[in-house]
$ cat my_file.txt   # compact mmCIF, C-alpha atoms
# COMPACT_ATOMS: atom_id res chain seq x y z
CA MET A 1 22.30 -14.09 30.25
CA ARG A 2 19.94 -11.93 28.20
CA ALA A 3 20.39 -12.46 24.48
CA THR A 4 18.74 -11.56 21.20
CA ILE A 5 18.79 -14.21 18.49
CA TYR A 6 17.97 -13.71 14.84
CA TYR A 7 17.11 -16.99 13.16
CA ARG A 8 17.09 -17.83 9.46
CA GLY A 9 16.59 -21.39 8.26
CA SER A 10 16.86 -23.00 4.84
CA LEU A 11 13.57 -21.58 3.58
CA SER A 12 14.02 -19.42 0.50
CA SER A 13 10.59 -19.56 -1.12
CA CYS A 14 8.15 -16.69 -1.35
CA ASN A 15 4.68 -16.30 -2.79
CA TYR A 16 5.48 -12.76 -4.02
CA ASP A 17 7.74 -11.67 -6.87
CA CYS A 18 8.89 -8.16 -5.91
CA PRO A 19 11.36 -6.92 -8.56
CA TYR A 20 13.92 -5.70 -5.99
CA CYS A 21 14.03 -9.00 -4.07
CA PRO A 22 16.46 -11.80 -5.09
CA PHE A 23 14.19 -14.43 -3.52
CA SER A 24 10.98 -13.47 -5.29
CA LYS A 25 8.90 -16.39 -6.49
CA ASN A 26 11.45 -18.99 -5.43
CA LYS A 27 9.90 -22.40 -4.89
CA ASP A 28 11.58 -24.74 -2.44
CA ASN A 29 11.35 -28.47 -3.14
CA ALA A 30 10.00 -30.95 -0.59
CA ALA A 31 13.48 -31.84 0.66
CA THR A 32 14.36 -28.20 1.40
CA LEU A 33 11.06 -27.63 3.19
CA ALA A 34 11.59 -30.77 5.28
CA LYS A 35 15.10 -29.59 6.14
CA ASP A 36 13.82 -26.16 7.14
CA ARG A 37 11.13 -27.71 9.35
CA SER A 38 13.65 -30.00 11.05
CA GLN A 39 16.05 -27.11 11.66
CA LEU A 40 13.31 -24.99 13.19
CA LEU A 41 12.18 -27.79 15.50
CA THR A 42 15.78 -28.22 16.67
CA PHE A 43 16.01 -24.49 17.37
CA VAL A 44 12.73 -24.42 19.31
CA ASN A 45 13.88 -27.34 21.44
CA TRP A 46 17.18 -25.57 22.12
CA VAL A 47 15.33 -22.42 23.18
CA LYS A 48 13.14 -24.50 25.50
CA ALA A 49 16.24 -25.95 27.18
CA GLN A 50 17.66 -22.47 27.89
CA GLU A 51 15.17 -21.95 30.73
CA ARG A 52 17.19 -24.43 32.80
CA GLU A 53 20.33 -22.43 32.03
CA GLY A 54 18.75 -19.23 33.38
CA HIS A 55 18.84 -17.38 30.04
CA ARG A 56 16.25 -14.86 28.89
CA LEU A 57 15.79 -14.58 25.15
CA ALA A 58 14.33 -12.30 22.50
CA LEU A 59 13.86 -14.02 19.15
CA PHE A 60 13.34 -12.75 15.62
CA PHE A 61 12.58 -14.88 12.57
CA ASN A 62 13.64 -13.31 9.29
CA PRO A 63 13.55 -16.07 6.68
CA TYR A 64 14.44 -15.69 3.04
CA GLY A 65 10.86 -15.94 1.91
CA GLU A 66 7.51 -16.10 3.69
CA GLY A 67 7.45 -18.26 6.81
CA LEU A 68 3.89 -18.01 8.07
CA VAL A 69 2.41 -19.87 5.09
CA HIS A 70 4.11 -22.93 6.63
CA ARG A 71 2.56 -24.61 9.66
CA TRP A 72 5.87 -25.12 11.47
CA TYR A 73 6.55 -21.39 11.73
CA ARG A 74 3.08 -20.74 13.12
CA GLU A 75 3.45 -23.54 15.66
CA ALA A 76 6.92 -22.32 16.64
CA MET A 77 5.63 -18.79 17.21
CA ILE A 78 2.87 -20.10 19.49
CA GLU A 79 5.11 -22.43 21.47
CA LEU A 80 7.87 -19.87 21.94
CA SER A 81 5.47 -17.11 22.95
CA LEU A 82 4.28 -19.29 25.83
CA MET A 83 7.75 -19.99 27.21
CA PRO A 84 8.31 -18.01 30.43
CA HIS A 85 11.94 -17.17 29.63
CA VAL A 86 11.17 -15.79 26.13
CA ASP A 87 10.60 -12.05 26.40
CA LYS A 88 9.78 -11.53 22.72
CA VAL A 89 9.22 -13.64 19.63
CA ALA A 90 8.76 -11.72 16.39
CA ILE A 91 8.69 -12.54 12.71
CA GLN A 92 9.09 -10.68 9.44
CA THR A 93 6.07 -11.47 7.27
CA ASN A 94 4.03 -10.23 4.32
CA LEU A 95 0.81 -11.12 6.19
CA SER A 96 -0.49 -13.24 3.31
CA ALA A 97 -1.37 -16.19 5.58
CA LYS A 98 -4.59 -16.58 7.55
CA LEU A 99 -4.33 -15.18 11.08
CA ASN A 100 -6.83 -17.24 13.06
CA TRP A 101 -3.92 -19.19 14.60
CA THR A 102 -2.74 -16.02 16.36
CA ASP A 103 -5.53 -16.52 18.91
CA ASP A 104 -3.23 -19.09 20.54
CA LEU A 105 -0.29 -16.67 20.92
CA ASN A 106 0.67 -15.00 24.15
CA PRO A 107 -0.18 -11.43 23.07
CA LYS A 108 2.19 -9.96 25.63
CA ASN A 109 5.35 -11.09 23.84
CA ALA A 110 4.43 -12.03 20.27
CA ALA A 111 5.09 -9.43 17.58
CA PHE A 112 5.05 -8.93 13.83
CA TRP A 113 7.17 -6.95 11.37
CA ALA A 114 4.66 -6.67 8.53
CA SER A 115 6.06 -5.84 5.10
CA TYR A 116 3.73 -4.29 2.54
CA HIS A 117 4.38 -5.03 -1.12
CA PRO A 118 2.38 -2.80 -3.50
CA GLY A 119 1.56 -4.64 -6.70
CA GLN A 120 1.70 -8.01 -4.94
CA VAL A 121 -1.27 -7.67 -2.62
CA ASP A 122 -4.53 -5.76 -2.62
CA GLU A 123 -4.40 -2.84 -0.18
CA ALA A 124 -7.81 -3.66 1.28
CA PHE A 125 -6.72 -7.23 2.05
CA PHE A 126 -3.50 -6.07 3.71
CA LEU A 127 -5.32 -3.47 5.77
CA ASN A 128 -7.82 -6.12 6.88
CA GLN A 129 -4.92 -8.34 8.01
CA CYS A 130 -3.50 -5.42 9.98
CA SER A 131 -6.93 -4.87 11.53
CA GLU A 132 -6.96 -8.51 12.64
CA LEU A 133 -3.64 -8.06 14.45
CA HIS A 134 -4.82 -4.77 15.93
CA ARG A 135 -8.09 -6.29 17.15
CA ARG A 136 -6.19 -9.06 18.89
CA GLY A 137 -3.93 -6.57 20.66
CA LEU A 138 -0.79 -7.93 19.02
CA SER A 139 2.28 -5.77 18.66
CA PHE A 140 3.17 -5.01 15.05
CA SER A 141 4.71 -2.47 12.73
CA VAL A 142 4.02 -2.00 9.03
CA GLY A 143 6.43 -0.88 6.37
CA SER A 144 7.67 -1.05 2.84
CA VAL A 145 10.60 -0.22 0.58
CA GLY A 146 10.52 3.41 -0.47
CA VAL A 147 10.78 3.01 -4.24
CA LYS A 148 9.37 6.04 -6.04
CA SER A 149 6.84 3.99 -7.99
CA ALA A 150 5.24 3.05 -4.66
CA PHE A 151 4.94 6.55 -3.17
CA SER A 152 1.20 6.90 -3.77
CA ALA A 153 0.56 3.38 -2.45
CA LEU A 154 2.55 4.11 0.70
CA ALA A 155 0.62 7.31 1.34
CA SER A 156 -2.67 5.49 0.83
CA LEU A 157 -1.68 2.72 3.22
CA ARG A 158 -0.63 5.19 5.88
CA GLN A 159 -4.01 6.89 5.61
CA GLY A 160 -5.80 3.55 5.94
CA LEU A 161 -3.91 2.29 8.98
CA PRO A 162 -4.98 3.06 12.56
CA THR A 163 -3.17 6.16 13.78
CA ASP A 164 -1.44 4.21 16.57
CA VAL A 165 0.21 1.78 14.14
CA TYR A 166 3.77 2.81 13.32
CA MET A 167 4.71 2.68 9.64
CA TRP A 168 8.35 2.58 8.59
CA VAL A 169 9.94 3.04 5.18
CA ASN A 170 13.14 1.32 4.13
CA ALA A 171 15.31 3.57 2.01
CA PHE A 172 16.01 2.29 -1.50
CA LYS A 173 19.80 2.32 -1.72
CA ASP A 174 20.51 0.54 -4.99
CA LYS A 175 20.84 3.86 -6.83
CA LYS A 176 23.06 6.69 -5.64
CA ASP A 177 21.32 10.00 -4.90
CA TYR A 178 17.97 8.33 -5.50
CA TYR A 179 15.92 10.77 -3.43
CA THR A 180 15.38 14.49 -3.90
CA ALA A 181 14.82 16.75 -0.90
CA ALA A 182 11.10 16.71 -1.74
CA ASP A 183 11.12 12.90 -1.76
CA VAL A 184 12.70 12.81 1.69
CA ALA A 185 10.16 15.29 3.03
CA PHE A 186 7.33 13.16 1.60
CA LEU A 187 8.66 9.96 3.16
CA ARG A 188 9.26 11.71 6.47
CA GLU A 189 5.53 12.45 6.62
CA ILE A 190 4.89 8.69 6.46
CA ASP A 191 7.81 7.62 8.65
CA PRO A 192 9.19 10.33 10.94
CA HIS A 193 12.34 8.22 11.36
CA PHE A 194 12.93 7.56 7.65
CA GLU A 195 16.21 9.45 7.60
CA ARG A 196 17.68 7.12 10.22
CA ASN A 197 17.38 4.30 7.71
CA ALA A 198 18.57 6.37 4.75
CA VAL A 199 22.06 6.61 6.32
CA ASP A 200 24.90 4.12 5.87
CA TYR A 201 26.54 4.21 9.28
CA SER A 202 30.34 4.14 9.50
CA SER A 203 30.87 1.03 11.61
CA GLN A 204 34.32 -0.49 11.12
CA GLY A 205 36.04 -0.94 14.47
CA ARG A 206 33.12 0.55 16.37
CA PRO A 207 31.40 -1.17 19.30
CA CYS A 208 28.41 -3.36 18.53
CA SER A 209 26.31 -5.70 20.63
CA THR A 210 26.35 -8.28 17.87
CA GLY A 211 28.52 -11.22 18.82
CA ARG A 212 28.28 -10.36 22.52
CA ASP A 213 24.58 -10.67 23.33
CA VAL A 214 23.06 -10.48 19.85
CA PHE A 215 23.57 -13.45 17.55
CA TYR A 216 22.58 -14.30 13.98
CA VAL A 217 21.86 -18.01 13.61
CA GLN A 218 21.57 -19.97 10.40
CA GLY A 219 19.41 -23.08 10.29
CA ALA A 220 22.06 -25.69 11.00
CA GLY A 221 23.21 -23.76 14.07
CA ILE A 222 26.04 -21.76 12.49
CA VAL A 223 26.37 -18.39 14.23
CA LYS A 224 27.65 -15.13 12.75
CA ARG A 225 28.19 -11.75 14.35
CA CYS A 226 25.73 -10.41 11.82
CA TYR A 227 24.36 -11.64 8.52
CA LYS A 228 26.43 -9.27 6.40
CA ASP A 229 29.67 -10.31 8.11
CA ARG A 230 30.40 -13.75 6.68
CA THR A 231 32.78 -14.68 9.50
CA VAL A 232 31.50 -17.65 11.51
CA ILE A 233 31.97 -17.11 15.25
CA GLY A 234 30.78 -20.52 16.41
CA HIS A 235 27.95 -23.01 16.60
CA LEU A 236 24.86 -22.44 18.72
CA TYR A 237 24.33 -26.07 19.71
CA ARG A 238 27.99 -26.80 20.37
CA ASP A 239 29.20 -23.60 22.01
CA GLY A 240 26.10 -22.25 23.75
CA LEU A 241 25.56 -18.58 24.51
CA GLU A 242 28.42 -18.23 26.99
CA GLY A 243 30.86 -19.87 24.60
CA LEU A 244 29.81 -17.56 21.78
CA SER A 245 29.73 -14.29 23.69
CA ALA A 246 32.64 -11.88 23.22
CA ASP A 247 33.15 -8.20 22.43
CA ARG A 248 33.43 -8.01 18.66
CA PRO A 249 33.79 -4.56 17.08
CA CYS A 250 32.36 -4.34 13.57
CA THR A 251 34.62 -5.52 10.75
CA MET A 252 32.49 -4.00 7.98
CA SER A 253 33.14 -0.53 6.58
CA CYS A 254 29.53 0.51 7.08
CA CYS A 255 26.19 -0.75 8.35
CA ASP A 256 23.12 -0.02 6.22
CA CYS A 257 20.55 -2.49 7.56
CA TYR A 258 18.07 -1.87 10.38
CA ILE A 259 18.62 -5.24 12.06
CA GLY A 260 22.31 -4.45 12.19
CA TYR A 261 22.73 -0.78 13.09
CA ILE A 262 20.13 -0.86 15.86
CA HIS A 263 22.71 -2.78 17.88
CA MET A 264 25.38 -0.06 17.65
CA PRO A 265 25.26 1.46 21.17
CA GLU A 266 26.52 4.87 20.05
CA LEU A 267 23.28 5.37 18.07
CA ALA A 268 21.21 4.86 21.24
CA LEU A 269 18.22 3.66 19.22
CA SER A 270 16.71 1.94 22.23
CA ARG A 271 15.59 5.44 23.17
CA VAL A 272 13.62 5.58 19.91
CA TYR A 273 12.16 2.07 19.88
CA GLY A 274 12.21 1.07 23.55
CA ASP A 275 10.91 -2.44 24.17
CA HIS A 276 9.78 -2.70 20.54
CA LEU A 277 13.22 -2.63 18.91
CA LEU A 278 12.82 -6.05 17.28
CA GLU A 279 9.45 -5.39 15.66
CA ARG A 280 10.51 -1.84 14.79
CA ILE A 281 7.90 0.27 16.52
CA ALA A 282 9.09 3.78 17.32
CA ASN A 283 7.93 5.44 20.51
CA GLY A 284 6.66 8.49 18.69
$ encode --input "my_file.txt" --output "structure tokens"
Amino acid sequence: MRATIYYRGSLSSCNYDCPYCPFSKNKDNAATLAKDRSQLLTFVNWVKAQEREGHRLALFFNPYGEGLVHRWYREAMIELSLMPHVDKVAIQTNLSAKLNWTDDLNPKNAAFWASYHPGQVDEAFFLNQCSELHRRGLSFSVGSVGVKSAFSALASLRQGLPTDVYMWVNAFKDKKDYYTAADVAFLREIDPHFERNAVDYSSQGRPCSTGRDVFYVQGAGIVKRCYKDRTVIGHLYRDGLEGLSADRPCTMSCCDCYIGYIHMPELALSRVYGDHLLERIANG
């Protein structure tokens, strides 16, 4: 079986305090960090065992907070990238951690979703981090939330990035009718696919790969069809992939999140992102 697994452990701490993020400047205590580490080790061991089962996996870490400042996420990325049955291992990160450890990754299947946070990090530092990934030949995209106060910073970052690095912009949806036509045109110059993200897709009852061969796993092994659907469909370590897999049309009225709507087959977004769907790199 080929499956995509999104993994989110107990980590909820971040070294940034973005005003639009509910997890900004959280600080996990030692017990929570130890729990998160233990959960991740259990997950890595489970992934390792799937080679014997004949499964091929694509993995994406999207913790609440910043994972790569913790050694266990870096070690997990390295170990998973070297497993022959893992086609992709990617992580969402603010790139604040040192990157020398990435020399040990398999560059053919390790990838990064790099989030830029104006006001939290110096542009020159972030661009240097991107250059380090680029120099190592690692697959990565760069992006940010399209709040109006960040427009000039987003344009500056786009100008500073290598031309072959794709930059995405997440639409700010907390305020209705937030963007003018001029705003949309401006953001389209930075991200040609911005308007795909600005839409809330009608999804209730529509086909979706989530729950069939795409699964959203929480640290203890609890599996949901997607993170926004609170219904638990099983347990990764008890049920296994075959026991979890079933056609599950969406139960939500709409889908507004990239890691959700990309799995709606009617949108055919694999034609836009190809083999780089997880790390969000458009073909052109």
$ residues_around --input "my_file.txt" --residues "Gly67 of chain A" --least-positions-apart "3" --cutoff "9 Å" --atoms "only C-alpha atoms" --output "number ranges by chain"
A: 11, 13-14, 61-64, 70-74, 91-93
$ residues_around --input "my_file.txt" --residues "Lys148 of chain A" --least-positions-apart "6" --cutoff "10 Å" --atoms "all atoms listed in the file" --output "JSON, numbers by chain"
{"A": [154, 172, 178, 179, 183]}
$ write_last_selection --input "my_file.txt" --atoms "C-alpha atoms" --output "PDB file, in the frame of the given file"
ATOM      1  CA  LEU A 154       2.550   4.110   0.700  1.00  0.00           C
ATOM      2  CA  PHE A 172      16.010   2.290  -1.500  1.00  0.00           C
ATOM      3  CA  TYR A 178      17.970   8.330  -5.500  1.00  0.00           C
ATOM      4  CA  TYR A 179      15.920  10.770  -3.430  1.00  0.00           C
ATOM      5  CA  ASP A 183      11.120  12.900  -1.760  1.00  0.00           C
TER       6      ASP A 183
END
$ atom_distance --input "my_file.txt" --atom1 "atom CA of Asp239 of chain A" --atom2 "atom CA of Pro84 of chain A"
23.2 Å
$ atom_distance --input "my_file.txt" --atom1 "atom CA of Cys250 of chain A" --atom2 "atom CA of Gly205 of chain A"
5.1 Å
$ closest_residue --input "my_file.txt" --among "A:Asn100, A:Asn94, A:Asn197, A:Ser209" --to "Lys173 of chain A" --atoms "all atoms listed in the file"
A:Asn197
$ closest_residue --input "my_file.txt" --among "A:Asn128, A:Arg271, A:Asp164, A:Ala114" --to "Val145 of chain A" --atoms "all atoms listed in the file"
A:Ala114
$ residues_near_point --input "my_file.txt" --point "(21.2, -16.2, 13.0)" --cutoff "10 Å" --atoms "all atoms listed in the file" --output "CSV table (one decimal) with C-alpha atoms, keeping the file's coordinate frame"
chain,number,residue,atom,x,y,z
A,4,THR,CA,18.7,-11.6,21.2
A,5,ILE,CA,18.8,-14.2,18.5
A,6,TYR,CA,18.0,-13.7,14.8
A,7,TYR,CA,17.1,-17.0,13.2
A,8,ARG,CA,17.1,-17.8,9.5
A,9,GLY,CA,16.6,-21.4,8.3
A,59,LEU,CA,13.9,-14.0,19.2
A,60,PHE,CA,13.3,-12.8,15.6
A,61,PHE,CA,12.6,-14.9,12.6
A,62,ASN,CA,13.6,-13.3,9.3
A,63,PRO,CA,13.6,-16.1,6.7
A,214,VAL,CA,23.1,-10.5,19.8
A,215,PHE,CA,23.6,-13.4,17.6
A,216,TYR,CA,22.6,-14.3,14.0
A,217,VAL,CA,21.9,-18.0,13.6
A,218,GLN,CA,21.6,-20.0,10.4
A,219,GLY,CA,19.4,-23.1,10.3
A,220,ALA,CA,22.1,-25.7,11.0
A,221,GLY,CA,23.2,-23.8,14.1
A,222,ILE,CA,26.0,-21.8,12.5
A,223,VAL,CA,26.4,-18.4,14.2
A,224,LYS,CA,27.6,-15.1,12.8
A,225,ARG,CA,28.2,-11.8,14.4
A,226,CYS,CA,25.7,-10.4,11.8
A,227,TYR,CA,24.4,-11.6,8.5
A,236,LEU,CA,24.9,-22.4,18.7
$ closest_residue --input "my_file.txt" --among "A:Ala3, A:Leu277, A:Ala76, A:Leu105" --to "Ser141 of chain A" --atoms "all atoms listed in the file"
A:Leu277
$ residues_around --input "my_file.txt" --residues "segment 50-56 of chain A" --least-positions-apart "5" --cutoff "6 Å" --atoms "all atoms listed in the file" --output "list of chain:residue names"
A:Met1, A:Arg2, A:His85, A:Val86
$ axis_aligned_box --input "my_file.txt" --around "segment 91-101 of chain A" --padding-each-side "4 Å" --output "lines of an AutoDock Vina configuration file"
center_x = 1.1
center_y = -14.7
center_z = 9.0
size_x = 23.9
size_y = 17.0
size_z = 19.3
$ residues_around --input "my_file.txt" --residues "Ile190 of chain A" --least-positions-apart "4" --cutoff "10 Å" --atoms "only C-alpha atoms" --output "PyMOL selection string"
chain A and resi 143+151+154-159+166-169+185-186+194
$ decode --input "my_file.txt" --residues "segment 230-242 of chain A" --atoms "all heavy atoms" --output "PDB file, in the first residue's frame"
ATOM      1  N   ARG A 230     -12.814  16.139  13.635  1.00  0.00           N
ATOM      2  CA  ARG A 230     -12.426  15.605  14.943  1.00  0.00           C
ATOM      3  C   ARG A 230     -12.750  14.122  15.108  1.00  0.00           C
ATOM      4  O   ARG A 230     -12.384  13.514  16.113  1.00  0.00           O
ATOM      5  CB  ARG A 230     -13.107  16.413  16.049  1.00  0.00           C
ATOM      6  CG  ARG A 230     -12.666  17.872  16.077  1.00  0.00           C
ATOM      7  CD  ARG A 230     -13.274  18.614  17.257  1.00  0.00           C
ATOM      8  NE  ARG A 230     -12.828  20.001  17.292  1.00  0.00           N
ATOM      9  CZ  ARG A 230     -13.160  20.864  18.238  1.00  0.00           C
ATOM     10  NH1 ARG A 230     -13.955  20.466  19.236  1.00  0.00           N
ATOM     11  NH2 ARG A 230     -12.705  22.107  18.200  1.00  0.00           N
ATOM     12  N   THR A 231     -13.435  13.534  14.135  1.00  0.00           N
ATOM     13  CA  THR A 231     -13.810  12.130  14.246  1.00  0.00           C
ATOM     14  C   THR A 231     -12.572  11.245  14.201  1.00  0.00           C
ATOM     15  O   THR A 231     -11.748  11.351  13.294  1.00  0.00           O
ATOM     16  CB  THR A 231     -14.762  11.723  13.103  1.00  0.00           C
ATOM     17  OG1 THR A 231     -15.894  12.585  13.119  1.00  0.00           O
ATOM     18  CG2 THR A 231     -15.209  10.277  13.258  1.00  0.00           C
ATOM     19  N   VAL A 232     -12.435  10.371  15.181  1.00  0.00           N
ATOM     20  CA  VAL A 232     -11.334   9.411  15.220  1.00  0.00           C
ATOM     21  C   VAL A 232     -11.717   8.197  14.394  1.00  0.00           C
ATOM     22  O   VAL A 232     -12.791   7.611  14.581  1.00  0.00           O
ATOM     23  CB  VAL A 232     -11.010   8.997  16.670  1.00  0.00           C
ATOM     24  CG1 VAL A 232      -9.950   7.891  16.697  1.00  0.00           C
ATOM     25  CG2 VAL A 232     -10.542  10.208  17.475  1.00  0.00           C
ATOM     26  N   ILE A 233     -10.852   7.806  13.453  1.00  0.00           N
ATOM     27  CA  ILE A 233     -11.170   6.660  12.589  1.00  0.00           C
ATOM     28  C   ILE A 233     -10.416   5.402  13.005  1.00  0.00           C
ATOM     29  O   ILE A 233     -10.660   4.322  12.445  1.00  0.00           O
ATOM     30  CB  ILE A 233     -10.876   6.966  11.112  1.00  0.00           C
ATOM     31  CG1 ILE A 233      -9.380   7.214  10.872  1.00  0.00           C
ATOM     32  CG2 ILE A 233     -11.712   8.153  10.639  1.00  0.00           C
ATOM     33  CD1 ILE A 233      -9.014   7.376   9.400  1.00  0.00           C
ATOM     34  N   GLY A 234      -9.523   5.510  13.969  1.00  0.00           N
ATOM     35  CA  GLY A 234      -8.829   4.326  14.431  1.00  0.00           C
ATOM     36  C   GLY A 234      -7.520   4.667  15.105  1.00  0.00           C
ATOM     37  O   GLY A 234      -7.256   5.814  15.470  1.00  0.00           O
ATOM     38  N   HIS A 235      -6.686   3.634  15.270  1.00  0.00           N
ATOM     39  CA  HIS A 235      -5.406   3.778  15.946  1.00  0.00           C
ATOM     40  C   HIS A 235      -4.328   3.153  15.085  1.00  0.00           C
ATOM     41  O   HIS A 235      -4.434   1.987  14.681  1.00  0.00           O
ATOM     42  CB  HIS A 235      -5.453   3.104  17.315  1.00  0.00           C
ATOM     43  CG  HIS A 235      -4.356   3.503  18.236  1.00  0.00           C
ATOM     44  ND1 HIS A 235      -3.069   3.024  18.118  1.00  0.00           N
ATOM     45  CD2 HIS A 235      -4.350   4.358  19.295  1.00  0.00           C
ATOM     46  CE1 HIS A 235      -2.317   3.561  19.063  1.00  0.00           C
ATOM     47  NE2 HIS A 235      -3.068   4.372  19.793  1.00  0.00           N
ATOM     48  N   LEU A 236      -3.297   3.933  14.784  1.00  0.00           N
ATOM     49  CA  LEU A 236      -2.267   3.494  13.856  1.00  0.00           C
ATOM     50  C   LEU A 236      -1.609   2.194  14.299  1.00  0.00           C
ATOM     51  O   LEU A 236      -1.415   1.278  13.490  1.00  0.00           O
ATOM     52  CB  LEU A 236      -1.204   4.589  13.726  1.00  0.00           C
ATOM     53  CG  LEU A 236      -0.096   4.343  12.699  1.00  0.00           C
ATOM     54  CD1 LEU A 236      -0.660   4.354  11.277  1.00  0.00           C
ATOM     55  CD2 LEU A 236       1.012   5.388  12.841  1.00  0.00           C
ATOM     56  N   TYR A 237      -1.268   2.088  15.574  1.00  0.00           N
ATOM     57  CA  TYR A 237      -0.498   0.947  16.054  1.00  0.00           C
ATOM     58  C   TYR A 237      -1.375  -0.272  16.334  1.00  0.00           C
ATOM     59  O   TYR A 237      -0.864  -1.388  16.422  1.00  0.00           O
ATOM     60  CB  TYR A 237       0.295   1.344  17.300  1.00  0.00           C
ATOM     61  CG  TYR A 237       1.108   2.601  17.089  1.00  0.00           C
ATOM     62  CD1 TYR A 237       1.105   3.640  18.015  1.00  0.00           C
ATOM     63  CD2 TYR A 237       1.878   2.765  15.934  1.00  0.00           C
ATOM     64  CE1 TYR A 237       1.838   4.792  17.807  1.00  0.00           C
ATOM     65  CE2 TYR A 237       2.607   3.916  15.715  1.00  0.00           C
ATOM     66  CZ  TYR A 237       2.584   4.927  16.651  1.00  0.00           C
ATOM     67  OH  TYR A 237       3.313   6.076  16.437  1.00  0.00           O
ATOM     68  N   ARG A 238      -2.647  -0.062  16.448  1.00  0.00           N
ATOM     69  CA  ARG A 238      -3.575  -1.188  16.658  1.00  0.00           C
ATOM     70  C   ARG A 238      -4.163  -1.683  15.348  1.00  0.00           C
ATOM     71  O   ARG A 238      -4.221  -2.900  15.102  1.00  0.00           O
ATOM     72  CB  ARG A 238      -4.711  -0.747  17.592  1.00  0.00           C
ATOM     73  CG  ARG A 238      -5.730  -1.853  17.896  1.00  0.00           C
ATOM     74  CD  ARG A 238      -6.938  -1.284  18.596  1.00  0.00           C
ATOM     75  NE  ARG A 238      -7.707  -0.392  17.712  1.00  0.00           N
ATOM     76  CZ  ARG A 238      -8.277   0.744  18.106  1.00  0.00           C
ATOM     77  NH1 ARG A 238      -8.145   1.147  19.363  1.00  0.00           N
ATOM     78  NH2 ARG A 238      -8.954   1.480  17.251  1.00  0.00           N
ATOM     79  N   ASP A 239      -4.561  -0.757  14.483  1.00  0.00           N
ATOM     80  CA  ASP A 239      -5.309  -1.128  13.284  1.00  0.00           C
ATOM     81  C   ASP A 239      -4.431  -1.311  12.061  1.00  0.00           C
ATOM     82  O   ASP A 239      -4.798  -2.062  11.151  1.00  0.00           O
ATOM     83  CB  ASP A 239      -6.382  -0.067  12.994  1.00  0.00           C
ATOM     84  CG  ASP A 239      -7.344   0.115  14.152  1.00  0.00           C
ATOM     85  OD1 ASP A 239      -7.765  -0.903  14.726  1.00  0.00           O
ATOM     86  OD2 ASP A 239      -7.665   1.263  14.488  1.00  0.00           O
ATOM     87  N   GLY A 240      -3.296  -0.633  11.994  1.00  0.00           N
ATOM     88  CA  GLY A 240      -2.465  -0.689  10.806  1.00  0.00           C
ATOM     89  C   GLY A 240      -3.123   0.000   9.629  1.00  0.00           C
ATOM     90  O   GLY A 240      -4.292   0.402   9.676  1.00  0.00           O
ATOM     91  N   LEU A 241      -2.390   0.150   8.548  1.00  0.00           N
ATOM     92  CA  LEU A 241      -2.890   0.890   7.395  1.00  0.00           C
ATOM     93  C   LEU A 241      -4.092   0.220   6.744  1.00  0.00           C
ATOM     94  O   LEU A 241      -5.066   0.883   6.380  1.00  0.00           O
ATOM     95  CB  LEU A 241      -1.765   1.086   6.375  1.00  0.00           C
ATOM     96  CG  LEU A 241      -0.603   1.972   6.829  1.00  0.00           C
ATOM     97  CD1 LEU A 241       0.477   2.020   5.755  1.00  0.00           C
ATOM     98  CD2 LEU A 241      -1.081   3.390   7.152  1.00  0.00           C
ATOM     99  N   GLU A 242      -4.033  -1.108   6.596  1.00  0.00           N
ATOM    100  CA  GLU A 242      -5.162  -1.793   5.951  1.00  0.00           C
ATOM    101  C   GLU A 242      -6.432  -1.684   6.792  1.00  0.00           C
ATOM    102  O   GLU A 242      -7.527  -1.513   6.262  1.00  0.00           O
ATOM    103  CB  GLU A 242      -4.834  -3.272   5.709  1.00  0.00           C
ATOM    104  CG  GLU A 242      -3.769  -3.515   4.667  1.00  0.00           C
ATOM    105  CD  GLU A 242      -2.388  -3.609   5.296  1.00  0.00           C
ATOM    106  OE1 GLU A 242      -2.232  -3.175   6.461  1.00  0.00           O
ATOM    107  OE2 GLU A 242      -1.477  -4.102   4.617  1.00  0.00           O
TER     108      GLU A 242
END
